[in-house]
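Q: Structure file data.csv (CSV, C-alpha atoms and all ligand atoms) is given on the next line.
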chain,number,residue,atom,x,y,z
A,1,GLU,CA,18.3,-2.0,24.4
A,2,THR,CA,19.7,-0.2,21.4
A,3,PRO,CA,17.1,0.3,18.7
A,4,ILE,CA,17.6,-1.8,15.6
A,5,ALA,CA,17.3,1.3,13.3
A,6,SER,CA,17.2,5.0,13.7
A,7,THR,CA,13.9,6.8,14.6
A,8,ASN,CA,14.9,9.4,12.0
A,9,TYR,CA,13.6,8.5,8.5
A,10,ASP,CA,16.6,9.7,6.5
A,11,LYS,CA,19.0,7.7,8.7
A,12,LEU,CA,16.7,4.7,8.5
A,13,GLU,CA,16.7,4.8,4.7
A,14,ALA,CA,20.5,5.2,4.7
A,15,SER,CA,21.1,2.2,6.9
A,16,ALA,CA,18.6,0.1,4.9
A,17,LYS,CA,20.5,1.1,1.7
A,18,ALA,CA,23.8,0.0,3.2
A,19,ARG,CA,22.3,-3.4,4.0
A,20,LEU,CA,20.5,-4.0,0.6
A,21,ASP,CA,21.5,-5.2,-2.8
A,22,PRO,CA,21.7,-1.9,-4.8
A,23,ALA,CA,19.2,-3.0,-7.4
A,24,ALA,CA,16.6,-3.9,-4.6
A,25,TYR,CA,17.2,-0.6,-2.9
A,26,ASP,CA,16.8,1.4,-6.2
A,27,TYR,CA,13.7,-0.6,-7.0
A,28,ALA,CA,11.9,0.7,-3.9
A,29,ALA,CA,13.5,4.1,-3.6
A,30,GLY,CA,13.0,5.1,-7.2
A,31,GLY,CA,10.2,6.6,-9.2
A,32,ALA,CA,9.2,7.4,-12.7
A,33,GLY,CA,11.4,9.5,-15.0
A,34,LEU,CA,13.2,12.4,-13.3
A,35,GLU,CA,11.4,11.4,-10.0
A,36,THR,CA,9.7,14.8,-9.7
A,37,THR,CA,6.5,13.1,-8.5
A,38,VAL,CA,8.5,11.4,-5.7
A,39,ALA,CA,9.8,14.9,-4.8
A,40,ASN,CA,6.4,16.5,-5.1
A,41,ASN,CA,4.9,13.9,-2.7
A,42,ARG,CA,7.3,15.1,0.0
A,43,ALA,CA,7.1,18.8,-1.0
A,44,ALA,CA,3.3,18.8,-0.6
A,45,PHE,CA,3.8,18.1,3.2
A,46,SER,CA,5.9,21.2,3.6
A,47,LYS,CA,3.1,23.4,2.3
A,48,TRP,CA,1.0,22.7,5.4
A,49,SER,CA,2.0,23.4,9.0
A,50,ILE,CA,0.3,22.3,12.2
A,51,ARG,CA,-1.3,25.0,14.4
A,52,PRO,CA,-0.9,23.5,17.9
A,53,ARG,CA,-3.6,24.3,20.5
A,54,VAL,CA,-2.6,24.4,24.2
A,55,MET,CA,-4.1,24.0,27.7
A,56,ARG,CA,-6.8,21.6,26.5
A,57,GLU,CA,-7.8,18.4,28.1
A,58,VAL,CA,-5.3,15.9,26.8
A,59,TYR,CA,-4.5,12.7,28.7
A,60,PRO,CA,-1.5,10.5,28.6
A,61,ASN,CA,-3.0,8.0,26.2
A,62,ARG,CA,-4.7,9.5,23.2
A,63,ASN,CA,-7.5,7.7,21.5
A,64,LEU,CA,-6.5,6.9,17.9
A,65,THR,CA,-9.3,4.3,17.5
A,66,THR,CA,-11.0,4.4,14.1
A,67,THR,CA,-13.7,2.3,12.4
A,68,LEU,CA,-13.1,1.4,8.8
A,69,PHE,CA,-15.4,-0.9,6.8
A,70,ASN,CA,-17.2,-1.9,10.1
A,71,LYS,CA,-14.0,-2.9,11.8
A,72,THR,CA,-12.6,-1.0,14.8
A,73,LEU,CA,-8.9,-0.5,14.6
A,74,PRO,CA,-6.3,0.9,17.1
A,75,ALA,CA,-5.2,3.6,14.6
A,76,PRO,CA,-6.1,4.7,11.0
A,77,VAL,CA,-2.9,3.3,9.6
A,78,VAL,CA,-2.7,0.5,7.0
A,79,MET,CA,0.1,-1.4,5.3
A,80,ALA,CA,0.3,-0.2,1.7
A,81,PRO,CA,0.2,-3.0,-0.9
A,82,VAL,CA,3.9,-3.6,-1.7
A,83,GLY,CA,5.0,-6.5,-3.9
A,84,VAL,CA,8.2,-8.5,-4.1
A,85,GLN,CA,9.1,-8.1,-0.4
A,86,THR,CA,11.5,-11.0,-0.3
A,87,LEU,CA,13.9,-8.6,-2.1
A,88,TYR,CA,14.2,-6.8,1.2
A,89,HIS,CA,14.5,-9.7,3.6
A,90,PRO,CA,14.1,-13.5,3.1
A,91,ASP,CA,11.0,-13.4,5.4
A,92,GLY,CA,9.4,-10.8,3.2
A,93,GLU,CA,5.6,-10.6,3.4
A,94,ARG,CA,5.5,-13.1,6.3
A,95,ALA,CA,7.5,-10.7,8.4
A,96,THR,CA,5.4,-7.6,7.6
A,97,ALA,CA,2.1,-9.4,7.9
A,98,SER,CA,3.0,-10.8,11.3
A,99,VAL,CA,3.8,-7.3,12.6
A,100,PHE,CA,0.7,-5.7,11.3
A,101,GLY,CA,-1.3,-8.6,12.8
A,102,GLU,CA,0.4,-8.0,16.2
A,103,LEU,CA,-0.5,-4.3,16.0
A,104,GLY,CA,-4.1,-5.0,14.9
A,105,LEU,CA,-3.6,-2.8,11.8
A,106,PRO,CA,-4.9,-3.9,8.3
A,107,TYR,CA,-2.4,-5.7,6.1
A,108,THR,CA,-2.9,-5.3,2.3
A,109,LEU,CA,-1.5,-8.1,0.2
A,110,SER,CA,-0.3,-7.2,-3.2
A,111,THR,CA,-1.0,-9.2,-6.4
A,112,ALA,CA,2.8,-9.0,-6.9
A,113,THR,CA,3.5,-10.7,-3.6
A,114,SER,CA,6.4,-13.1,-3.3
A,115,THR,CA,4.4,-15.1,-0.7
A,116,GLY,CA,0.9,-16.7,-1.4
A,117,PHE,CA,-2.5,-15.9,0.2
A,118,ALA,CA,-2.5,-18.7,2.7
A,119,ASP,CA,1.0,-18.3,3.9
A,120,VAL,CA,0.6,-14.6,4.5
A,121,ALA,CA,-2.8,-15.2,6.2
A,122,LYS,CA,-1.1,-17.7,8.5
A,123,ALA,CA,1.7,-15.2,9.4
A,124,ASN,CA,-0.9,-12.4,9.9
A,125,GLY,CA,-2.8,-14.5,12.4
A,126,VAL,CA,-6.4,-15.5,13.1
A,127,ASN,CA,-7.3,-12.1,14.3
A,128,GLY,CA,-5.6,-10.2,11.5
A,129,THR,CA,-7.4,-7.7,9.3
A,130,ARG,CA,-6.5,-8.5,5.7
A,131,TRP,CA,-7.2,-6.6,2.5
A,132,TYR,CA,-6.3,-7.8,-1.0
A,133,GLN,CA,-4.9,-5.5,-3.7
A,134,LEU,CA,-5.8,-6.6,-7.2
A,135,TYR,CA,-3.9,-5.9,-10.4
A,136,TRP,CA,-7.0,-6.6,-12.4
A,137,PRO,CA,-6.2,-9.4,-14.8
A,138,SER,CA,-7.2,-9.3,-18.5
A,139,ASP,CA,-8.7,-12.8,-18.1
A,140,ASP,CA,-12.0,-12.8,-16.2
A,141,ASP,CA,-11.6,-16.4,-15.1
A,142,LEU,CA,-8.3,-15.5,-13.4
A,143,THR,CA,-9.8,-12.5,-11.8
A,144,ARG,CA,-12.6,-14.6,-10.3
A,145,SER,CA,-10.1,-17.2,-9.1
A,146,TYR,CA,-7.8,-14.7,-7.4
A,147,LEU,CA,-10.8,-13.1,-5.7
A,148,ASN,CA,-12.2,-16.4,-4.5
A,149,VAL,CA,-8.9,-17.6,-3.1
A,150,ALA,CA,-8.5,-14.1,-1.4
A,151,LYS,CA,-11.9,-14.4,0.2
A,152,SER,CA,-11.4,-18.0,1.4
A,153,ASN,CA,-8.2,-16.9,3.1
A,154,GLY,CA,-9.9,-14.0,5.0
A,155,TYR,CA,-9.0,-11.0,2.9
A,156,ASP,CA,-12.2,-9.0,3.1
A,157,VAL,CA,-11.6,-5.6,1.5
A,158,LEU,CA,-10.8,-5.5,-2.2
A,159,VAL,CA,-8.3,-2.7,-3.2
A,160,VAL,CA,-8.1,-2.3,-7.0
A,161,THR,CA,-5.1,-0.5,-8.2
A,162,VAL,CA,-6.1,1.6,-11.2
A,163,ASP,CA,-2.9,3.5,-12.0
A,164,THR,CA,-0.6,0.5,-12.9
A,165,TRP,CA,-2.2,-1.4,-15.8
A,166,ASP,CA,1.2,-0.8,-17.4
A,167,LEU,CA,4.5,-0.2,-15.6
A,168,GLY,CA,5.8,3.4,-15.4
A,169,TRP,CA,9.1,4.6,-16.9
A,170,ARG,CA,11.3,3.7,-14.0
A,171,THR,CA,14.7,4.9,-15.0
A,172,ARG,CA,16.8,3.3,-12.2
A,173,ASP,CA,15.3,-0.2,-13.1
A,174,LEU,CA,15.6,0.4,-16.9
A,175,ASP,CA,19.3,1.3,-16.6
A,176,ARG,CA,20.0,-1.9,-14.7
A,177,GLY,CA,17.6,-4.0,-16.7
A,178,PHE,CA,16.1,-4.9,-13.3
A,179,PHE,CA,12.7,-6.5,-13.4
A,180,PRO,CA,12.1,-8.8,-10.3
A,181,PHE,CA,9.1,-10.6,-12.0
A,182,ILE,CA,11.3,-12.1,-14.7
A,183,ARG,CA,13.4,-13.6,-12.0
A,184,GLY,CA,10.3,-15.3,-10.6
A,185,ILE,CA,9.9,-12.9,-7.6
A,186,GLY,CA,6.4,-11.4,-7.1
A,187,VAL,CA,4.5,-14.0,-9.1
A,188,GLN,CA,3.5,-16.4,-6.3
A,189,ILE,CA,-0.3,-15.8,-6.6
A,190,GLY,CA,-0.1,-16.8,-10.3
A,191,LEU,CA,2.1,-19.8,-9.6
A,192,GLU,CA,-0.4,-21.1,-7.0
A,193,ASP,CA,-3.6,-20.3,-8.8
A,194,PRO,CA,-5.8,-23.4,-9.7
A,195,VAL,CA,-7.4,-21.7,-12.7
A,196,ALA,CA,-3.9,-20.6,-14.0
A,197,HIS,CA,-2.9,-24.3,-13.8
A,198,GLN,CA,-5.9,-25.3,-15.9
A,199,LYS,CA,-5.1,-22.6,-18.5
A,200,LEU,CA,-1.4,-23.5,-18.6
A,201,GLY,CA,-2.1,-27.2,-18.7
A,202,PHE,CA,0.4,-27.8,-15.8
A,203,ASN,CA,1.1,-27.0,-12.2
A,204,PRO,CA,4.4,-25.1,-12.1
A,205,LEU,CA,4.8,-25.9,-8.4
A,206,ALA,CA,4.4,-29.7,-8.9
A,207,LYS,CA,7.4,-31.8,-8.0
A,208,ASN,CA,8.1,-32.8,-11.6
A,209,ALA,CA,7.6,-29.3,-13.0
A,210,THR,CA,10.5,-28.1,-15.1
A,211,ALA,CA,12.4,-24.7,-14.8
A,212,GLU,CA,11.0,-23.8,-18.1
A,213,GLN,CA,7.4,-24.4,-17.0
A,214,LYS,CA,8.0,-22.2,-13.9
A,215,GLN,CA,9.3,-19.4,-16.1
A,216,THR,CA,6.3,-19.7,-18.4
A,217,ALA,CA,3.9,-19.6,-15.5
A,218,ALA,CA,5.7,-16.5,-14.1
A,219,LEU,CA,5.4,-14.7,-17.4
A,220,TYR,CA,1.8,-15.7,-17.8
A,221,HIS,CA,1.1,-14.0,-14.4
A,222,VAL,CA,3.0,-10.9,-15.4
A,223,ILE,CA,1.4,-10.6,-18.8
A,224,THR,CA,-2.2,-11.1,-17.5
A,225,THR,CA,-1.9,-8.7,-14.6
A,226,SER,CA,0.2,-6.0,-16.3
A,227,ARG,CA,-2.1,-6.0,-19.2
A,228,GLY,CA,-1.1,-2.8,-21.1
A,229,ILE,CA,-4.7,-1.9,-21.6
A,230,SER,CA,-6.5,0.1,-18.9
A,231,PRO,CA,-9.6,-1.4,-17.2
A,232,VAL,CA,-12.5,1.0,-17.6
A,233,TRP,CA,-15.4,2.2,-15.3
A,234,ASP,CA,-17.9,0.2,-17.3
A,235,ARG,CA,-16.3,-3.0,-16.2
A,236,LEU,CA,-16.9,-2.3,-12.5
A,237,PRO,CA,-20.2,-4.3,-12.4
A,238,PHE,CA,-18.2,-7.4,-13.3
A,239,LEU,CA,-15.9,-6.8,-10.4
A,240,ARG,CA,-18.8,-6.2,-8.0
A,241,GLU,CA,-20.5,-9.4,-9.1
A,242,ALA,CA,-17.2,-11.4,-8.9
A,243,TRP,CA,-16.3,-10.0,-5.4
A,244,GLY,CA,-19.8,-9.9,-3.8
A,245,ASP,CA,-21.0,-7.5,-1.2
A,246,GLY,CA,-17.6,-6.8,0.5
A,247,PRO,CA,-16.0,-3.3,0.2
A,248,ILE,CA,-14.3,-2.3,-3.0
A,249,VAL,CA,-11.7,0.5,-2.9
A,250,LEU,CA,-10.0,2.1,-5.9
A,251,LYS,CA,-6.3,2.9,-5.3
A,252,GLY,CA,-4.6,5.5,-7.5
A,253,VAL,CA,-7.3,8.2,-7.7
A,254,GLN,CA,-5.8,11.7,-7.9
A,255,THR,CA,-8.6,14.0,-9.0
A,256,ALA,CA,-12.0,15.3,-7.8
A,257,GLU,CA,-13.5,14.1,-11.1
A,258,ASP,CA,-12.4,10.5,-10.7
A,259,ALA,CA,-13.4,10.5,-7.0
A,260,ARG,CA,-17.0,11.7,-8.0
A,261,LEU,CA,-17.1,8.9,-10.6
A,262,ALA,CA,-16.2,6.4,-7.9
A,263,VAL,CA,-19.1,7.6,-5.9
A,264,GLN,CA,-21.4,7.4,-8.9
A,265,HIS,CA,-20.3,3.8,-9.5
A,266,GLY,CA,-21.2,2.8,-5.9
A,267,ILE,CA,-17.6,2.2,-4.9
A,268,ASP,CA,-16.9,2.0,-1.1
A,269,GLY,CA,-13.7,3.9,-1.0
A,270,VAL,CA,-10.8,5.5,-2.9
A,271,ILE,CA,-7.1,5.7,-2.0
A,272,VAL,CA,-5.6,8.9,-3.1
A,273,SER,CA,-2.2,7.7,-4.3
A,274,ASN,CA,0.2,8.1,-7.2
A,275,HIS,CA,1.9,4.8,-6.4
A,276,GLY,CA,4.7,6.6,-4.6
A,277,GLY,CA,5.6,8.6,-7.7
A,278,ARG,CA,6.5,5.4,-9.6
A,279,GLN,CA,4.0,5.7,-12.4
A,280,ILE,CA,3.8,9.3,-13.9
A,281,ASP,CA,6.7,11.7,-13.7
A,282,GLY,CA,5.8,15.4,-13.2
A,283,ALA,CA,2.5,14.7,-11.5
A,284,ILE,CA,0.8,16.4,-8.6
A,285,GLY,CA,2.0,15.6,-5.1
A,286,SER,CA,-0.4,13.1,-3.5
A,287,LEU,CA,-1.2,15.3,-0.5
A,288,ASP,CA,-2.2,18.2,-2.9
A,289,ALA,CA,-4.5,15.7,-4.7
A,290,LEU,CA,-6.0,14.7,-1.3
A,291,TYR,CA,-7.1,18.3,-0.8
A,292,ASP,CA,-9.1,18.3,-4.0
A,293,VAL,CA,-10.5,14.8,-3.5
A,294,THR,CA,-11.7,15.5,0.1
A,295,ASN,CA,-13.2,18.8,-1.0
A,296,ALA,CA,-15.2,16.9,-3.6
A,297,VAL,CA,-16.4,13.7,-1.9
A,298,LYS,CA,-15.6,13.8,1.9
A,299,GLY,CA,-18.2,11.8,3.7
A,300,GLN,CA,-19.6,10.1,0.6
A,301,LEU,CA,-17.1,7.2,0.6
A,302,VAL,CA,-14.0,6.2,2.6
A,303,ILE,CA,-10.9,8.2,1.7
A,304,GLY,CA,-7.5,6.7,2.1
A,305,PHE,CA,-4.2,8.3,1.4
A,306,ASP,CA,-0.6,7.4,0.6
A,307,GLY,CA,2.6,8.9,-0.8
A,308,GLY,CA,5.4,10.3,1.3
A,309,ILE,CA,4.3,9.5,4.9
A,310,ARG,CA,7.6,9.5,6.8
A,311,GLY,CA,6.7,10.6,10.3
A,312,GLY,CA,3.9,11.1,12.8
A,313,ALA,CA,3.3,14.7,11.7
A,314,ASP,CA,2.7,13.5,8.1
A,315,ILE,CA,-0.1,11.2,9.3
A,316,PHE,CA,-1.5,14.1,11.3
A,317,LYS,CA,-1.6,16.4,8.2
A,318,ALA,CA,-3.2,13.8,5.9
A,319,LEU,CA,-5.9,13.1,8.5
A,320,ALA,CA,-6.5,16.8,9.2
A,321,ILE,CA,-6.9,17.5,5.5
A,322,GLY,CA,-9.6,14.9,5.4
A,323,ALA,CA,-8.3,11.4,4.9
A,324,ASP,CA,-10.0,8.6,6.8
A,325,PHE,CA,-6.8,6.5,6.9
A,326,VAL,CA,-3.2,6.5,5.6
A,327,GLN,CA,-1.0,3.8,4.2
A,328,VAL,CA,2.7,3.4,4.6
A,329,GLY,CA,5.0,2.0,1.9
A,330,ARG,CA,8.7,2.5,1.8
A,331,PRO,CA,9.3,3.1,5.5
A,332,VAL,CA,8.1,-0.5,6.2
A,333,LEU,CA,10.5,-1.9,3.6
A,334,TRP,CA,13.4,-0.1,5.1
A,335,GLY,CA,12.4,-1.6,8.5
A,336,LEU,CA,12.1,-5.0,6.8
A,337,ALA,CA,15.8,-4.7,5.7
A,338,HIS,CA,16.7,-4.5,9.4
A,339,GLU,CA,16.4,-8.1,10.4
A,340,GLY,CA,12.8,-8.7,9.1
A,341,ALA,CA,10.0,-8.5,11.6
A,342,LYS,CA,12.2,-6.9,14.2
A,343,GLY,CA,12.9,-3.9,12.0
A,344,VAL,CA,9.3,-3.6,10.8
A,345,ARG,CA,8.1,-3.6,14.4
A,346,HIS,CA,10.6,-0.9,15.3
A,347,VAL,CA,9.6,1.3,12.4
A,348,MET,CA,5.8,0.9,12.9
A,349,LYS,CA,5.9,1.4,16.6
A,350,SER,CA,8.0,4.5,16.3
A,351,LEU,CA,5.7,5.9,13.6
A,352,LEU,CA,2.6,5.3,15.8
A,353,ALA,CA,4.2,6.7,18.9
A,354,GLU,CA,5.3,9.9,17.1
A,355,PHE,CA,1.8,10.2,15.7
A,356,GLU,CA,0.1,9.8,19.1
A,357,LEU,CA,2.5,12.3,20.6
A,358,THR,CA,1.8,14.8,17.8
A,359,VAL,CA,-1.9,14.5,18.2
A,360,GLY,CA,-1.6,15.2,22.0
A,361,LEU,CA,1.0,18.1,21.6
A,362,ALA,CA,-1.3,19.7,19.0
A,363,GLY,CA,-4.1,19.7,21.6
A,364,CYS,CA,-6.2,16.8,20.6
A,365,GLN,CA,-7.3,13.8,22.5
A,366,HIS,CA,-9.1,11.8,19.9
A,367,VAL,CA,-8.1,11.2,16.3
A,368,GLN,CA,-11.6,12.2,15.1
A,369,GLU,CA,-10.9,15.8,16.3
A,370,LEU,CA,-8.3,16.3,13.5
A,371,ASN,CA,-9.6,18.8,10.9
A,372,ARG,CA,-8.3,21.7,8.8
A,373,THR,CA,-8.5,24.2,11.7
A,374,HIS,CA,-5.4,22.4,13.0
A,375,LEU,CA,-3.4,23.3,9.8
A,376,VAL,CA,-2.3,26.4,8.0
A,377,HIS,CA,-1.3,26.4,4.3
A,378,VAL,CA,2.1,28.1,4.1
B,401,LIG,C1,4.7,-0.3,-4.4
B,401,LIG,N1,3.4,0.1,-4.5
B,401,LIG,C2,2.5,-0.9,-4.9
B,401,LIG,N2,1.2,-0.6,-5.1
B,401,LIG,C3,0.2,-1.5,-5.5
B,401,LIG,O1,-0.9,-1.2,-5.5
B,401,LIG,N3,0.7,-2.8,-5.7
B,401,LIG,C4,2.0,-3.2,-5.6
B,401,LIG,O2,2.3,-4.3,-5.8
B,401,LIG,C5,2.9,-2.2,-5.2
B,401,LIG,N4,4.2,-2.5,-5.1
B,401,LIG,C6,5.1,-1.6,-4.7
B,401,LIG,C7,6.5,-2.0,-4.5
B,401,LIG,C8,7.4,-1.1,-4.0
B,401,LIG,C9,8.8,-1.5,-3.9
B,401,LIG,C10,7.0,0.2,-3.7
B,401,LIG,C11,7.9,1.2,-3.1
B,401,LIG,C12,5.6,0.6,-3.8
B,401,LIG,C13,2.9,1.4,-4.1
B,401,LIG,C14,2.5,1.5,-2.7
B,401,LIG,O3,1.3,0.7,-2.5
B,401,LIG,C15,2.2,2.9,-2.2
B,401,LIG,O4,1.3,3.5,-3.1
B,401,LIG,C16,3.4,3.8,-2.1
B,401,LIG,O5,4.6,3.0,-1.8
B,401,LIG,C17,3.1,4.9,-1.1
B,401,LIG,O6,4.2,5.8,-1.0
B,401,LIG,P1,5.4,5.7,0.1
B,401,LIG,O7,4.7,5.5,1.5
B,401,LIG,O8,6.2,4.6,-0.3
B,401,LIG,O9,6.0,7.0,-0.1
Rewrite the coordinates I just gave you, this time as structure tokens.

A:
Amino acid sequence: ETPIASTNYDKLEASAKARLDPAAYDYAAGGAGLETTVANNRAAFSKWSIRPRVMREVYPNRNLTTTLFNKTLPAPVVMAPVGVQTLYHPDGERATASVFGELGLPYTLSTATSTGFADVAKANGVNGTRWYQLYWPSDDDLTRSYLNVAKSNGYDVLVVTVDTWDLGWRTRDLDRGFFPFIRGIGVQIGLEDPVAHQKLGFNPLAKNATAEQKQTAALYHVITTSRGISPVWDRLPFLREAWGDGPIVLKGVQTAEDARLAVQHGIDGVIVSNHGGRQIDGAIGSLDALYDVTNAVKGQLVIGFDGGIRGGADIFKALAIGADFVQVGRPVLWGLAHEGAKGVRHVMKSLLAEFELTVGLAGCQHVQELNRTHLVHV
């Protein structure tokens, strides 16, 4: 059987581009300003090379099993929260969630999802591991409601994105005037929320709702979740109380200072991420930030990483530097553009296979063996 898409990242992206509406492609491919942070994310990987060890006991099937937040997973690989997925295929989040469910890997649902909590949970399956990514609303009643609906649908790790309380200067989208949320894409959680219905005084999904009401509800969701004012450390006790005892992870940490603050505030994990270079132009490559963060807090909380993972060797490098898990963003979308679940399955299986092979060829049998002795900074 011919593969649905190339196993080479650049070719995969090129064929996705050819299939997609140019505005949708640019929305995902682009970053802030001159896109130097996007470039820095990739460049950071070339600063490290793998030092392969040979003639060690390595068997045909490497053990990539990892325990994260008390759950044993087949590999330390997680779906990054990515909103508006129906831009990439009509099946959108349903397709990506179903494949991550099949693979037994955690699926993170974005607050900017184009498919609601329950429908994604159904696609992800009864045995799926589900995390929920919060864009922290400015209204506490809405926050409580989103968290309650998430919990009742089996999302049990809370990922709070702290780098996107306002949208970055995304030049490709600005030039096109492209903003999916105004078109009603990526606002489904707001449209479905019972507390939002109370506040609005109507249910925008009711049979008799008008187009204008839908538009109002969509804007209400965008305005409350992209609040223009940063949430602050002092507000974390509210979030802890609203979420309960389950794990809370801060996504978008890039410095040792903030990672130490997360530890001091009793946070369970951080994800070293710069939103795929979409927020600040001219910022540190995320893998360079991972080096600082792991030096500061390794072992004190769970450390995730994203930004520029394009192949198995990249996963190897991030874990060897000290990440406990990695997340994948754009490659999954390019897979999604190739016939939905079929393309996502192809991309994720290829990535996992290349990673497993890299672990073995570098002389390791178990993913826990990866550490900095397997790398050299060049
Ligand atoms: C994102 N990302 C993101 N992050 C988040 O916390 N909530 C979200 O809704 C979104 N939405 C989103 C949409 C699109 C189209 C992209 C490309 C990215 C950021 C995402 O979670 C992750 O940090 C980066 O995508 C990781 O970098 P790579 O793997 O794309 O290089």

Q: I'd like the neighbourhood of range 369-375 of chain A as a ChimeraX atom specification, where a residue qualifies if any of its atoms comes within 7 Å (using only C-alpha atoms), though same-chain residues fewer than 2 positions away should be ignored.

A: /A:48-52,319-322,364,366-367,377

Q: Please provide as JSON, numbers by chain all residues within 6 Å of range 158-172 of chain A, with the sequence filter that same-chain residues fewer than 2 positions apart are discarded (counting all atoms listed in the file).

A: {"A": [31, 32, 33, 132, 133, 134, 135, 174, 175, 226, 227, 228, 230, 248, 249, 250, 251, 252, 279]}

Q: List all protein, DNA and RNA residues that have at least one atom no more than 8 Å from any atom of ligand LIG 401 (chain B), counting all atoms listed in the file, and write them as a PyMOL selection string.

A: chain A and resi 27-30+38+41+80-85+110-113+133-135+159-161+164+251-252+273-278+306-310+327-331+333

Q: Please write as a list of chain:residue names the list of polymer residues whose atoms come within 12 Å of (-0.1, -28.1, -11.7), counting all atoms listed in the file and keeping to the coordinates of the file.

A: A:Gly190, A:Leu191, A:Glu192, A:Asp193, A:Pro194, A:Val195, A:Ala196, A:His197, A:Gln198, A:Lys199, A:Leu200, A:Gly201, A:Phe202, A:Asn203, A:Pro204, A:Leu205, A:Ala206, A:Lys207, A:Asn208, A:Ala209, A:Thr210, A:Gln213, A:Lys214, A:Ala217

Q: List as a Markdown table every residue of range 129-203 of chain A that is in contact with range 96-100 of chain A, defined as an atom at most 12 Å from one of its atoms (using only C-alpha atoms), together with the nearest atom pair and the distance in Å rounded to one decimal, sorted by chain and then rising number.

A:
| residue | atom | partner | partner_atom | distance |
| --- | --- | --- | --- | --- |
| A:Thr129 | CA | A:Phe100 | CA | 8.6 |
| A:Arg130 | CA | A:Ala97 | CA | 8.9 |
| A:Trp131 | CA | A:Ala97 | CA | 11.1 |

Q: Residues proximal to (-3.7, 13.2, 24.3) were defined as those with any atom within 9 Å of that point in the file's coordinates, counting only C-alpha atoms. Which are they, as a PDB file with C-alpha atoms, keeping the file's coordinate frame?

A:
ATOM      1  CA  GLU A  57      -7.800  18.400  28.100  1.00  0.00           C
ATOM      2  CA  VAL A  58      -5.300  15.900  26.800  1.00  0.00           C
ATOM      3  CA  TYR A  59      -4.500  12.700  28.700  1.00  0.00           C
ATOM      4  CA  PRO A  60      -1.500  10.500  28.600  1.00  0.00           C
ATOM      5  CA  ASN A  61      -3.000   8.000  26.200  1.00  0.00           C
ATOM      6  CA  ARG A  62      -4.700   9.500  23.200  1.00  0.00           C
ATOM      7  CA  ASN A  63      -7.500   7.700  21.500  1.00  0.00           C
ATOM      8  CA  GLU A 356       0.100   9.800  19.100  1.00  0.00           C
ATOM      9  CA  LEU A 357       2.500  12.300  20.600  1.00  0.00           C
ATOM     10  CA  THR A 358       1.800  14.800  17.800  1.00  0.00           C
ATOM     11  CA  VAL A 359      -1.900  14.500  18.200  1.00  0.00           C
ATOM     12  CA  GLY A 360      -1.600  15.200  22.000  1.00  0.00           C
ATOM     13  CA  LEU A 361       1.000  18.100  21.600  1.00  0.00           C
ATOM     14  CA  ALA A 362      -1.300  19.700  19.000  1.00  0.00           C
ATOM     15  CA  GLY A 363      -4.100  19.700  21.600  1.00  0.00           C
ATOM     16  CA  CYS A 364      -6.200  16.800  20.600  1.00  0.00           C
ATOM     17  CA  GLN A 365      -7.300  13.800  22.500  1.00  0.00           C
ATOM     18  CA  HIS A 366      -9.100  11.800  19.900  1.00  0.00           C
TER      19      HIS A 366
END

Q: Considering all atoms listed in the file, can you say which of A:Gly92, A:Gly312, A:Gly269, A:Gly244 comes closest to Gln300 in chain A?

A: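 Smallest separation from Gln300 in chain A among the options: A:Gly269.
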
Q: Which residue is closest to Val187 in chain A? Choose from A:Gly116, A:Pro76, A:Gly101, A:Pro231 and count all atoms listed in the file.

A: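 Of A:Gly116, A:Pro76, A:Gly101, A:Pro231, the one nearest Val187 in chain A is A:Gly116, counting all atoms listed in the file.
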
Q: Find, counting all atoms listed in the file, the residue in A:Gly299, A:Gly304, A:Gly154, A:Gly184 that gets nearest to Ser114 in chain A.

A: A:Gly184

Q: If we count all atoms listed in the file and set the cut-off at 8 Å, which residues sit around Arg144 in chain A, ignoring sequence neighbours fewer than 3 positions away in its own chain? Please answer as an MDAnalysis selection string.

A: chainID A and resid 140:141 147:148 242:243

Q: Output C-alpha atoms of each residue in that selection to a file, as a PDB file, keeping the file's coordinate frame.

A:
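Writing done, so here's part.pdb:
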ATOM      1  CA  ASP A 140     -12.000 -12.800 -16.200  1.00  0.00           C
ATOM      2  CA  ASP A 141     -11.600 -16.400 -15.100  1.00  0.00           C
ATOM      3  CA  LEU A 147     -10.800 -13.100  -5.700  1.00  0.00           C
ATOM      4  CA  ASN A 148     -12.200 -16.400  -4.500  1.00  0.00           C
ATOM      5  CA  ALA A 242     -17.200 -11.400  -8.900  1.00  0.00           C
ATOM      6  CA  TRP A 243     -16.300 -10.000  -5.400  1.00  0.00           C
TER       7      TRP A 243
END

Q: Provide the CA of Leu12 in chain A to CA of Phe45 in chain A distance in Å, to one decimal place.

A: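 One can read the CA of Leu12 in chain A to CA of Phe45 in chain A distance as 19.3 Å.
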
Q: Between CA of Val332 in chain A and CA of Leu351 in chain A, what is the distance, to one decimal in Å?

A: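 Answer for the CA of Val332 in chain A to CA of Leu351 in chain A separation: 10.1 Å.
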
Q: Mind checking which residues fall within 12 Å of Thr72 in chain A, counting all atoms listed in the file, ignoring those fewer than 4 positions away in the same chain, and posting them as a short mmCIF file (atom, residue, chain, number, x, y, z; two decimals) with C-alpha atoms, keeping the file's coordinate frame?

A:
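Dumped to out30.cif:
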data_model
loop_
_atom_site.label_atom_id
_atom_site.label_comp_id
_atom_site.auth_asym_id
_atom_site.auth_seq_id
_atom_site.Cartn_x
_atom_site.Cartn_y
_atom_site.Cartn_z
CA LEU A 64 -6.50 6.90 17.90
CA THR A 65 -9.30 4.30 17.50
CA THR A 66 -11.00 4.40 14.10
CA THR A 67 -13.70 2.30 12.40
CA LEU A 68 -13.10 1.40 8.80
CA PRO A 76 -6.10 4.70 11.00
CA VAL A 77 -2.90 3.30 9.60
CA GLY A 104 -4.10 -5.00 14.90
CA LEU A 105 -3.60 -2.80 11.80
CA PRO A 106 -4.90 -3.90 8.30
CA THR A 129 -7.40 -7.70 9.30
#
